[in-house]
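Novice: My file is protein.csv. It has CSV, C-alpha atoms (C1' of nucleotides):
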chain,number,residue,atom,x,y,z
A,182,MET,CA,123.7,16.2,62.2
A,183,LYS,CA,127.2,15.5,63.3
A,184,ILE,CA,129.8,14.4,60.7
A,185,GLU,CA,130.2,11.2,62.7
A,186,ASP,CA,126.7,10.3,61.9
A,187,CYS,CA,127.4,10.3,58.2
A,188,LYS,CA,130.3,8.0,58.1
A,189,LEU,CA,129.9,4.9,56.0
A,190,LEU,CA,132.4,2.1,55.3
A,191,ILE,CA,132.1,0.0,52.2
A,192,ILE,CA,133.9,-3.2,51.6
A,193,SER,CA,133.8,-4.8,48.2
A,194,GLY,CA,135.7,-7.3,46.1
A,195,PRO,CA,135.3,-10.2,43.9
A,196,THR,CA,134.1,-13.6,45.1
A,197,ALA,CA,136.4,-15.6,47.4
A,198,THR,CA,138.4,-12.7,48.7
A,199,GLY,CA,137.4,-13.0,52.3
A,200,LYS,CA,135.4,-9.8,52.5
A,201,THR,CA,133.0,-10.9,55.2
A,202,ALA,CA,135.6,-12.2,57.5
A,203,LEU,CA,137.5,-8.9,57.4
A,204,ALA,CA,134.4,-6.9,57.7
A,205,LEU,CA,133.5,-8.7,60.9
A,206,LYS,CA,136.8,-7.9,62.4
A,207,LEU,CA,136.4,-4.3,61.5
A,208,ALA,CA,133.0,-4.3,62.9
A,209,LYS,CA,134.2,-5.5,66.2
A,210,LYS,CA,137.1,-3.1,66.3
A,211,PHE,CA,135.2,0.0,65.2
A,212,ASN,CA,131.7,-0.6,66.7
A,213,GLY,CA,130.3,-1.3,63.3
A,214,VAL,CA,127.2,-3.1,62.0
A,215,LEU,CA,127.2,-5.1,58.7
A,216,ILE,CA,124.9,-4.6,55.8
A,217,SER,CA,125.2,-7.1,53.0
A,218,ALA,CA,125.4,-6.0,49.4
A,219,ASP,CA,124.9,-9.3,47.8
A,220,SER,CA,122.2,-9.9,45.2
A,221,ARG,CA,122.0,-13.7,46.0
A,222,GLN,CA,122.4,-13.9,49.7
A,223,ILE,CA,119.1,-12.2,50.1
A,224,TYR,CA,117.5,-15.5,49.3
A,225,GLN,CA,116.4,-17.8,52.2
A,226,GLY,CA,117.6,-21.3,52.0
A,227,MET,CA,120.3,-20.7,49.5
A,228,ASP,CA,123.2,-20.9,51.9
A,229,ILE,CA,125.9,-23.3,50.7
A,230,GLY,CA,125.7,-22.2,47.1
A,231,THR,CA,126.0,-18.5,47.8
A,232,GLY,CA,128.6,-19.0,50.5
A,233,LYS,CA,126.6,-17.3,53.2
A,234,ASP,CA,128.3,-16.6,56.4
A,235,LYS,CA,126.0,-16.2,59.4
A,236,PRO,CA,128.1,-15.5,62.5
A,237,LYS,CA,126.3,-16.5,65.7
A,238,ASN,CA,126.5,-13.2,67.6
A,239,THR,CA,126.8,-10.6,64.9
A,240,PRO,CA,123.8,-10.0,62.8
A,241,ILE,CA,124.3,-9.1,59.1
A,242,HIS,CA,121.5,-7.0,57.6
A,243,LEU,CA,119.8,-7.7,54.3
A,244,LEU,CA,120.5,-11.4,54.3
A,245,ASP,CA,117.7,-13.9,53.9
A,246,ILE,CA,115.1,-11.3,53.3
A,247,ILE,CA,113.1,-13.0,50.5
A,248,THR,CA,112.3,-16.5,49.2
A,249,PRO,CA,113.8,-17.8,46.0
A,250,ASP,CA,110.6,-17.4,44.1
A,251,GLN,CA,110.4,-13.7,44.8
A,252,SER,CA,112.1,-11.1,42.6
A,253,PHE,CA,114.2,-8.3,43.8
A,254,SER,CA,115.9,-5.2,42.4
A,255,VAL,CA,118.5,-2.5,42.9
A,256,ALA,CA,115.9,0.1,43.6
A,257,LEU,CA,114.6,-2.0,46.4
A,258,TYR,CA,118.1,-2.7,47.7
A,259,GLN,CA,118.9,1.0,47.7
A,260,LYS,CA,115.8,1.8,49.7
A,261,LEU,CA,116.4,-1.0,52.3
A,262,ALA,CA,120.1,-0.2,52.6
A,263,PHE,CA,119.4,3.5,53.1
A,264,GLN,CA,117.0,2.6,55.9
A,265,LYS,CA,119.5,0.3,57.6
A,266,ILE,CA,122.2,2.9,57.3
A,267,SER,CA,120.2,5.6,59.0
A,268,GLU,CA,119.1,3.1,61.7
A,269,ILE,CA,122.7,2.3,62.4
A,270,HIS,CA,123.7,5.9,62.4
A,271,SER,CA,121.0,6.7,64.9
A,272,GLN,CA,122.5,4.0,67.2
A,273,LYS,CA,125.8,5.8,67.0
A,274,LYS,CA,127.4,2.9,65.2
A,275,LEU,CA,129.3,2.6,62.0
A,276,PRO,CA,127.4,1.1,59.1
A,277,ILE,CA,129.6,-1.3,57.0
A,278,ILE,CA,128.4,-2.4,53.6
A,279,VAL,CA,130.0,-5.7,52.5
A,280,GLY,CA,129.4,-7.4,49.3
A,281,GLY,CA,130.3,-8.2,45.8
A,282,THR,CA,127.3,-7.0,43.8
A,283,GLY,CA,128.7,-4.0,42.0
A,284,GLN,CA,125.4,-2.6,41.0
A,285,TYR,CA,124.1,-2.6,44.5
A,286,ILE,CA,127.2,-0.8,45.9
A,287,ASP,CA,126.9,1.6,43.0
A,288,SER,CA,123.4,2.5,44.0
A,289,ILE,CA,124.8,3.6,47.4
A,290,ILE,CA,127.9,5.4,46.2
A,291,ASN,CA,126.2,7.0,43.2
A,292,PRO,CA,122.5,7.2,44.2
A,293,ASN,CA,121.1,9.7,41.8
A,294,LYS,CA,120.0,7.2,39.2
A,295,GLN,CA,117.1,9.0,37.6
A,296,THR,CA,115.2,5.9,36.6
A,297,TYR,CA,115.2,3.8,39.7
A,298,SER,CA,111.8,5.1,40.5
A,299,VAL,CA,110.3,3.8,37.2
A,300,LYS,CA,108.6,0.6,38.4
A,301,PRO,CA,108.6,-2.5,36.2
A,302,ASN,CA,105.5,-3.0,34.1
A,303,LYS,CA,104.7,-6.7,34.4
A,304,THR,CA,102.3,-6.8,31.5
A,305,LEU,CA,104.6,-5.0,29.2
A,306,ARG,CA,107.5,-7.3,30.2
A,307,PHE,CA,105.4,-10.3,29.6
A,308,PHE,CA,104.8,-9.3,26.0
A,309,LEU,CA,108.3,-7.9,25.4
A,310,ASN,CA,109.9,-11.0,26.6
A,311,ARG,CA,108.6,-12.9,23.6
A,312,PHE,CA,110.1,-10.4,21.2
A,313,SER,CA,113.3,-11.2,19.4
A,314,THR,CA,116.2,-8.9,19.9
A,315,SER,CA,115.8,-7.3,16.5
A,316,ASN,CA,112.2,-6.6,17.2
A,317,LEU,CA,113.1,-5.0,20.5
A,318,GLN,CA,115.6,-2.9,18.7
A,319,ASN,CA,113.1,-1.8,16.1
A,320,LEU,CA,110.6,-0.9,18.8
A,321,TYR,CA,113.0,1.1,20.8
A,322,SER,CA,114.3,2.8,17.8
A,323,PHE,CA,110.8,3.7,16.8
A,324,LEU,CA,110.1,5.1,20.3
A,325,ASP,CA,113.3,7.0,20.7
A,326,ARG,CA,115.5,7.1,17.6
A,327,ARG,CA,118.1,9.3,19.1
A,328,ALA,CA,118.6,7.3,22.3
A,329,PHE,CA,118.7,4.1,20.3
A,330,ASP,CA,121.4,5.3,18.0
A,331,ALA,CA,123.5,6.3,20.9
A,332,LEU,CA,123.5,2.8,22.4
A,333,ASN,CA,126.7,0.8,22.2
A,334,ASN,CA,126.8,-2.7,20.8
A,335,SER,CA,126.7,-4.3,24.1
A,336,GLU,CA,123.4,-2.5,25.0
A,337,LYS,CA,121.9,-2.8,21.5
A,338,ASN,CA,122.1,-6.6,21.6
A,339,ASN,CA,121.0,-7.0,25.2
A,340,PRO,CA,117.3,-7.9,25.3
A,341,HIS,CA,117.1,-7.2,29.1
A,342,ARG,CA,118.4,-3.7,28.6
A,343,LEU,CA,116.3,-3.0,25.7
A,344,ILE,CA,113.1,-4.0,27.5
A,345,ARG,CA,113.9,-1.8,30.4
A,346,LYS,CA,114.7,1.1,28.1
A,347,ILE,CA,111.4,0.7,26.4
A,348,GLU,CA,109.6,0.4,29.8
A,349,ILE,CA,111.2,3.7,30.9
A,350,LYS,CA,110.3,5.4,27.7
A,351,LEU,CA,106.7,4.4,27.9
A,352,SER,CA,106.4,5.6,31.5
A,353,THR,CA,107.6,9.2,31.2
A,354,LYS,CA,104.2,10.5,32.2
A,355,ASN,CA,105.3,10.0,35.8
A,356,GLU,CA,108.2,12.4,35.4
A,357,ASP,CA,107.1,15.0,37.9
A,358,CYS,CA,106.7,12.7,40.9
A,359,ARG,CA,109.9,11.0,39.9
A,360,LEU,CA,111.9,14.2,40.2
A,361,LYS,CA,110.4,14.8,43.6
A,362,THR,CA,111.5,11.5,44.9
A,363,GLU,CA,114.9,12.0,43.5
A,364,ASP,CA,115.3,15.3,45.4
A,365,SER,CA,114.4,13.9,48.7
A,366,ARG,CA,116.7,11.0,48.2
A,367,LEU,CA,119.7,13.2,47.2
A,368,LYS,CA,119.4,15.1,50.5
A,369,ILE,CA,120.0,11.9,52.5
A,370,VAL,CA,122.8,10.8,50.3
A,371,ASN,CA,124.8,13.9,50.1
A,372,CYS,CA,125.7,13.7,53.7
A,373,PHE,CA,127.5,10.3,53.4
A,374,ASP,CA,131.1,10.5,54.0
A,375,PHE,CA,132.3,7.1,52.8
A,376,LEU,CA,135.4,5.0,52.6
A,377,HIS,CA,135.4,2.3,50.0
A,378,LEU,CA,137.9,-0.5,50.4
A,379,SER,CA,137.9,-3.0,47.5
A,380,PHE,CA,139.8,-6.3,47.8
A,381,THR,CA,141.5,-7.6,44.8
A,382,ALA,CA,144.1,-10.2,43.7
A,383,PRO,CA,145.6,-11.5,40.5
A,384,ASN,CA,143.1,-13.7,38.5
A,385,SER,CA,145.2,-16.8,38.8
A,386,TYR,CA,145.1,-16.5,42.6
A,387,LEU,CA,141.4,-15.9,42.7
A,388,TYR,CA,140.8,-18.9,40.4
A,389,SER,CA,142.7,-21.3,42.6
A,390,ARG,CA,140.7,-20.1,45.6
A,391,ILE,CA,137.5,-20.4,43.7
A,392,ASP,CA,138.4,-23.9,42.5
A,393,ALA,CA,139.0,-25.0,46.1
A,394,ARG,CA,135.8,-23.5,47.2
A,395,VAL,CA,133.8,-25.3,44.6
A,396,LYS,CA,135.0,-28.6,46.0
A,397,ALA,CA,134.3,-27.5,49.5
A,398,ARG,CA,130.7,-26.5,48.7
A,399,LEU,CA,130.1,-29.9,47.1
A,400,ASP,CA,131.4,-31.5,50.3
A,401,GLN,CA,129.2,-29.3,52.4
A,402,GLY,CA,126.2,-30.8,50.6
A,403,LEU,CA,125.3,-28.3,47.8
A,404,LEU,CA,123.5,-31.0,45.9
A,405,SER,CA,121.1,-31.8,48.8
A,406,GLU,CA,120.5,-28.1,49.2
A,407,ILE,CA,119.5,-27.9,45.6
A,408,LYS,CA,117.3,-30.9,45.9
A,409,TYR,CA,115.6,-29.4,48.9
A,410,LEU,CA,115.1,-26.1,47.1
A,411,LEU,CA,113.5,-27.9,44.2
A,412,LYS,CA,110.9,-29.4,46.5
A,413,ASN,CA,109.5,-25.9,47.0
A,414,TYR,CA,110.6,-24.0,44.0
A,415,SER,CA,111.1,-24.5,40.3
A,416,TRP,CA,114.0,-23.9,38.1
A,417,SER,CA,112.3,-20.8,36.8
A,418,SER,CA,112.3,-19.1,40.2
A,419,PRO,CA,114.5,-16.0,40.1
A,420,GLY,CA,116.6,-17.3,43.0
A,421,LEU,CA,117.6,-20.5,41.2
A,422,ASN,CA,119.1,-18.5,38.3
A,423,THR,CA,122.2,-18.2,40.4
A,424,LEU,CA,125.8,-19.4,40.0
A,425,SER,CA,126.4,-22.8,41.6
A,426,TYR,CA,122.7,-23.7,41.2
A,427,LYS,CA,121.9,-23.0,37.6
A,428,GLU,CA,124.8,-25.1,36.4
A,429,PHE,CA,123.2,-28.2,37.8
A,430,ARG,CA,119.9,-27.7,36.0
A,431,PRO,CA,121.0,-29.8,33.0
A,432,TYR,CA,122.3,-32.5,35.4
A,433,PHE,CA,119.0,-32.7,37.3
A,434,LYS,CA,117.1,-32.8,34.0
A,435,GLN,CA,119.4,-35.6,33.0
A,436,LYS,CA,120.8,-33.7,30.0
A,437,SER,CA,124.4,-33.5,31.3
A,438,THR,CA,126.8,-35.2,33.5
A,439,MET,CA,127.9,-34.2,36.9
A,440,SER,CA,131.5,-33.5,35.9
A,441,ASN,CA,130.3,-31.2,33.0
A,442,ALA,CA,128.1,-29.3,35.5
A,443,ILE,CA,131.0,-28.9,37.9
A,444,SER,CA,133.4,-27.6,35.2
A,445,LYS,CA,130.8,-25.2,33.8
A,446,TRP,CA,130.2,-24.0,37.3
A,447,THR,CA,133.8,-23.4,37.9
A,448,TYR,CA,134.3,-21.5,34.7
A,449,ASP,CA,131.2,-19.4,35.4
A,450,GLU,CA,132.7,-18.5,38.8
A,451,HIS,CA,135.9,-17.4,37.1
A,452,ALA,CA,134.1,-15.2,34.7
A,453,TYR,CA,132.0,-13.8,37.4
A,454,ALA,CA,135.0,-12.8,39.4
A,455,ARG,CA,136.4,-11.0,36.4
A,456,ARG,CA,133.1,-9.1,35.8
A,457,GLN,CA,133.1,-8.1,39.4
A,458,LYS,CA,136.6,-6.7,39.1
A,459,THR,CA,135.6,-4.5,36.1
A,460,TRP,CA,132.8,-3.1,38.1
A,461,PHE,CA,134.9,-2.1,41.1
A,462,LYS,CA,137.7,-0.7,38.9
A,463,LYS,CA,135.7,2.1,37.7
A,464,MET,CA,134.2,3.2,41.1
A,465,PRO,CA,135.3,6.6,42.3
A,466,ASN,CA,137.4,7.1,45.5
A,467,THR,CA,138.2,3.4,45.8
A,468,ILE,CA,141.2,2.0,47.6
A,469,PHE,CA,142.3,-1.3,46.3
A,470,ILE,CA,143.8,-3.8,48.7
A,471,ASP,CA,145.6,-6.8,47.3
A,472,ILE,CA,144.9,-9.8,49.5
A,473,THR,CA,148.1,-11.5,48.4
A,474,GLN,CA,150.0,-8.9,50.3
A,475,ASN,CA,151.0,-10.0,53.8
A,476,ASN,CA,149.7,-7.1,55.8
A,477,TYR,CA,146.5,-6.5,53.9
A,478,SER,CA,144.2,-6.7,56.9
A,479,GLN,CA,146.3,-4.4,58.9
A,480,SER,CA,146.4,-1.9,56.2
A,481,ALA,CA,142.6,-2.1,55.9
A,482,VAL,CA,142.5,-1.3,59.6
A,483,LYS,CA,144.8,1.6,59.1
A,484,TYR,CA,142.7,3.1,56.4
A,485,VAL,CA,139.6,2.8,58.5
A,486,ASN,CA,141.3,4.4,61.5
A,487,LYS,CA,142.4,7.3,59.5
A,488,PHE,CA,139.0,7.6,57.9
A,489,LEU,CA,137.2,7.7,61.3
A,490,ASN,CA,139.5,10.2,62.8
A,491,ASN,CA,139.3,12.6,60.0
B,138,G,C1',156.8,-55.8,10.0
B,139,U,C1',152.6,-54.7,6.6
B,140,C,C1',148.0,-52.2,5.6
B,141,G,C1',144.6,-48.4,6.9
B,142,C,C1',143.2,-44.0,9.5
B,143,G,C1',144.6,-39.6,11.9
B,144,A,C1',147.9,-35.5,13.4
B,145,U,C1',144.7,-28.0,13.3
B,146,A,C1',145.6,-22.8,18.6
B,147,G,C1',145.5,-24.4,26.3
B,148,C,C1',141.1,-28.0,25.2
B,149,C,C1',137.1,-29.7,21.7
B,150,A,C1',136.2,-29.4,16.6
B,151,A,C1',135.1,-28.0,11.0
B,152,G,C1',135.6,-26.4,6.0
B,153,C,C1',138.8,-24.8,2.3
B,154,G,C1',144.5,-24.2,-3.1
B,155,G,C1',144.3,-17.6,-2.2
B,156,U,C1',139.0,-14.7,1.3
B,157,U,C1',136.9,-14.8,9.7
B,158,A,C1',135.1,-21.5,10.9
B,159,G,C1',132.8,-22.3,15.5
B,160,G,C1',132.5,-23.7,20.8
B,161,C,C1',135.1,-23.8,25.7
B,162,A,C1',139.1,-21.8,28.4
B,163,G,C1',142.1,-17.1,28.7
B,164,A,C1',142.1,-11.4,28.4
B,165,G,C1',139.4,-6.7,28.3
B,166,G,C1',134.7,-4.2,28.5
B,167,U,C1',129.2,-2.6,28.9
B,168,C,C1',125.6,-1.6,32.8
B,169,U,C1',120.4,4.2,35.7
B,170,G,C1',114.7,-1.9,39.0
B,171,C,C1',116.0,-9.2,36.7
B,172,A,C1',123.1,-7.8,37.6
B,173,A,C1',126.0,-14.4,40.7
B,174,A,C1',121.6,-11.7,35.1
B,175,A,C1',122.1,-10.3,30.1
B,176,C,C1',125.2,-8.4,26.4
B,177,C,C1',129.8,-6.7,23.6
B,178,U,C1',135.1,-6.9,22.1
B,179,U,C1',139.4,-9.8,21.7
B,180,U,C1',144.7,-12.9,21.9
B,181,C,C1',146.3,-17.7,20.5
B,182,A,C1',146.7,-22.5,14.8
B,183,G,C1',147.7,-26.0,11.3
B,184,G,C1',153.5,-32.6,13.9
B,185,U,C1',158.7,-32.3,11.2
B,186,G,C1',161.4,-32.1,6.5
B,187,G,C1',161.0,-31.8,1.4
B,188,G,C1',158.2,-31.2,-3.3
B,189,U,C1',154.2,-29.3,-6.8
B,190,U,C1',152.1,-24.2,-7.5
B,191,C,C1',152.0,-17.3,-8.8
B,192,A,C1',150.0,-19.1,-4.0
B,193,A,C1',149.3,-24.8,0.7
B,194,C,C1',146.6,-25.7,6.8
B,195,U,C1',144.3,-27.5,2.3
B,196,C,C1',147.7,-31.5,-3.2
B,197,C,C1',152.2,-35.2,-3.4
B,198,C,C1',156.5,-37.8,-0.9
B,199,A,C1',159.3,-39.1,3.3
B,200,C,C1',159.8,-39.1,8.5
B,201,U,C1',157.9,-38.9,13.5
B,202,C,C1',154.0,-39.8,16.8
B,203,G,C1',149.0,-41.8,17.9
B,204,C,C1',144.9,-45.2,16.9
B,205,G,C1',143.0,-49.6,14.6
B,206,A,C1',143.6,-54.1,11.9
B,207,C,C1',146.5,-58.0,9.9
B,208,U,C1',150.9,-61.4,9.7
Translate the structure described by the file into structure tokens.

Specialist:
Amino acid sequence: MKIEDCKLLIISGPTATGKTALALKLAKKFNGVLISADSRQIYQGMDIGTGKDKPKNTPIHLLDIITPDQSFSVALYQKLAFQKISEIHSQKKLPIIVGGTGQYIDSIINPNKQTYSVKPNKTLRFFLNRFSTSNLQNLYSFLDRRAFDALNNSEKNNPHRLIRKIEIKLSTKNEDCRLKTEDSRLKIVNCFDFLHLSFTAPNSYLYSRIDARVKARLDQGLLSEIKYLLKNYSWSSPGLNTLSYKEFRPYFKQKSTMSNAISKWTYDEHAYARRQKTWFKKMPNTIFIDITQNNYSQSAVKYVNKFLNN
RNA sequence: GUCGCGAUAGCCAAGCGGUUAGGCAGAGGUCUGCAAAACCUUUCAGGUGGGUUCAACUCCCACUCGCGACU
């Protein structure tokens, strides 16, 4: 395999930084194909709220792959993304991953997560979901005292995380086949030669862009999109637990006003952008590009140029 | 003008003579199959001037401002 076949470009950044637009430019310039890394744009019919860009002539992979009532996961994402990457490589093109979902990008950059192959246990989750946090803590502590004690506060109090840890603990019988999968996966991954460009900007700048976009989405008809979705899916569907949809739940249930919903939504978007930033900050080998700088798109081009000619 | 009520951090909003209110916003963080999720940490007070007290955001007085009522 030639080195050229292992190149991978990753473009990340918080919401409202214009990732997709720039990725499209780069794709044209460098014979690239886009793969989305967005945990929400995978849902069909959720276009306005997730800010989905669907350019006419350029397909973006891993968009619209499931319906809002289906659930998805990193492990699945990783698998699909790897498939797409190798497909694109075999066409002698440059795969470009674009998106804002830190965990998904992490699964590409840092693929040897040893528990991705432990499948969710629906029955177990069904029961555990009714447990209180302290009951979950007790249970996990009982199953694995050491691991429990090593948890930080944030993990200890997070029911989702506790449930998953318990699930993993209870499925250790599959250890052997798990290791096998990991091995084969590592082989593929080790050959990636990736460049990770991450867009960034001061919070205040991001916030003003977000605020403007909130208004724009309302004008584009977000409310009717939600109404339409509610005809086919319920609020408990995984897809509907998404920023810019979930904030309107109390409004549609007549428990809150429109302006409350909108301000909650706006603040949620701010917090989301902050969380995204913390994720990208700690990623290895990342080049940050401040979009408030004049020549940011040219400098992105330069980096890619240099990367491809290495 | 008189009487009453109020004045608490960027916003909302409590209790209290000495010990953390809380929520939202803001800031930072966690993350190994729900991640645009879930969770953790955290900055910022007491209108102004006096007085009482060992100690006042909390009691008293004046002033300023706001709200309401009355002449």

Novice: Between CA of Ser220 in chain A and CA of Ile192 in chain A, what is the spacing in Å?

Specialist: 14.9 Å

Novice: Please return, as a list in words, all polymer residues that have at least one atom within 12 Å of the point (111.6, 9.2, 21.6); use only C-alpha atoms (C1' of nucleotides) and the file's own coordinate frame.

Specialist: Leu320, Tyr321, Ser322, Phe323, Leu324, Asp325, Arg326, Arg327, Ala328, Phe329, Asp330, Lys346, Ile347, Ile349, Lys350, Leu351, Ser352 and Thr353 of chain A

Novice: Can you tell me, as a tab-separated table (two decimals) with C-alpha atoms (C1' of nucleotides), in the coordinates of the input, what residues are no more than 10 Å from G147 in chain B when counting only C-alpha atoms (C1' of nucleotides), ignoring any on the same chain fewer than 5 positions away?

Specialist:
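around_37.tsv, freshly written:
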chain	number	residue	atom	x	y	z
B	162	A	C1'	139.10	-21.80	28.40
B	163	G	C1'	142.10	-17.10	28.70
B	181	C	C1'	146.30	-17.70	20.50

Novice: What separation in Å, quoted to one decimal, exists between CA of Phe488 in chain A and CA of Ala256 in chain A?

Specialist: 28.2 Å

Novice: Nearest to chain B: which of A:Ile286, A:Val482, A:Val214, A:Leu376 is it, counting all atoms listed in the file?

Specialist: A:Ile286

Novice: When you count only C-alpha atoms (C1' of nucleotides), which of these residues is closest to chain B: A:Val255, A:Leu275, A:Ile443, A:Ile290?

Specialist: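 Selected residue with least distance to chain B: A:Val255.
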
Novice: Identify all chain A residues at most 8 Å from chain B by counting only C-alpha atoms (C1' of nucleotides); ligands do not count. Present them as a count of residues only.

Specialist: 34

Novice: Kindly give the distance, in Å, that separates CA of His242 in chain A and CA of Leu190 in chain A, rounded to a single decimal.

Specialist: 14.4 Å

Novice: From the options A:Gln251, A:Cys187, A:Leu215, A:Arg306, which residue's atoms come nearest to Tyr414 in chain A, counting all atoms listed in the file?

Specialist: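 Under the stated criterion, the closest residue is A:Gln251.
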
Novice: If we count all atoms listed in the file, what is near Ser379 in chain A at a cut-off of 9 Å, once residues fewer than 2 positions away on the same chain are taken out, given as a ChimeraX atom specification?

Specialist: /A:191-195,200,377,381,461-462,467-471

Novice: Excluding C153 in chain B and any residue of its chain fewer than 4 positions from it, enumerate the residues within 10 Å of it, using all atoms listed in the file, and give them as a list in words.

Specialist: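 After dropping sequence-adjacent residues, the list is A158, C194 and U195 of chain B.
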
Novice: With a distance cut-off of 9 Å and all atoms listed in the file, select the neighbouring residues of range 202-207 of chain A, excluding the residue or stretch itself and same-chain residues fewer than 5 positions from it, and output the selection as a list in words.

Specialist: Ile192, Asn212, Gly213, Val214, Leu215, Asp234, Pro236, Thr239, Ile277, Ile278, Val279, Ser478, Ala481, Val482 and Val485 of chain A

Novice: Once you have the residues from the selection above, write them out as a PDB file, in the frame of the given file, restricted to C-alpha atoms.

Specialist:
ATOM      1  CA  ILE A 192     133.900  -3.200  51.600  1.00  0.00           C
ATOM      2  CA  ASN A 212     131.700  -0.600  66.700  1.00  0.00           C
ATOM      3  CA  GLY A 213     130.300  -1.300  63.300  1.00  0.00           C
ATOM      4  CA  VAL A 214     127.200  -3.100  62.000  1.00  0.00           C
ATOM      5  CA  LEU A 215     127.200  -5.100  58.700  1.00  0.00           C
ATOM      6  CA  ASP A 234     128.300 -16.600  56.400  1.00  0.00           C
ATOM      7  CA  PRO A 236     128.100 -15.500  62.500  1.00  0.00           C
ATOM      8  CA  THR A 239     126.800 -10.600  64.900  1.00  0.00           C
ATOM      9  CA  ILE A 277     129.600  -1.300  57.000  1.00  0.00           C
ATOM     10  CA  ILE A 278     128.400  -2.400  53.600  1.00  0.00           C
ATOM     11  CA  VAL A 279     130.000  -5.700  52.500  1.00  0.00           C
ATOM     12  CA  SER A 478     144.200  -6.700  56.900  1.00  0.00           C
ATOM     13  CA  ALA A 481     142.600  -2.100  55.900  1.00  0.00           C
ATOM     14  CA  VAL A 482     142.500  -1.300  59.600  1.00  0.00           C
ATOM     15  CA  VAL A 485     139.600   2.800  58.500  1.00  0.00           C
TER      16      VAL A 485
END

Novice: Counting only C-alpha atoms (C1' of nucleotides), I want the residues whose atoms come within 9 Å of (137.0, 7.0, 62.3) in the file frame, returned as a VMD selection string.

Specialist: chain A and resid 185 188 211 275 485 to 491
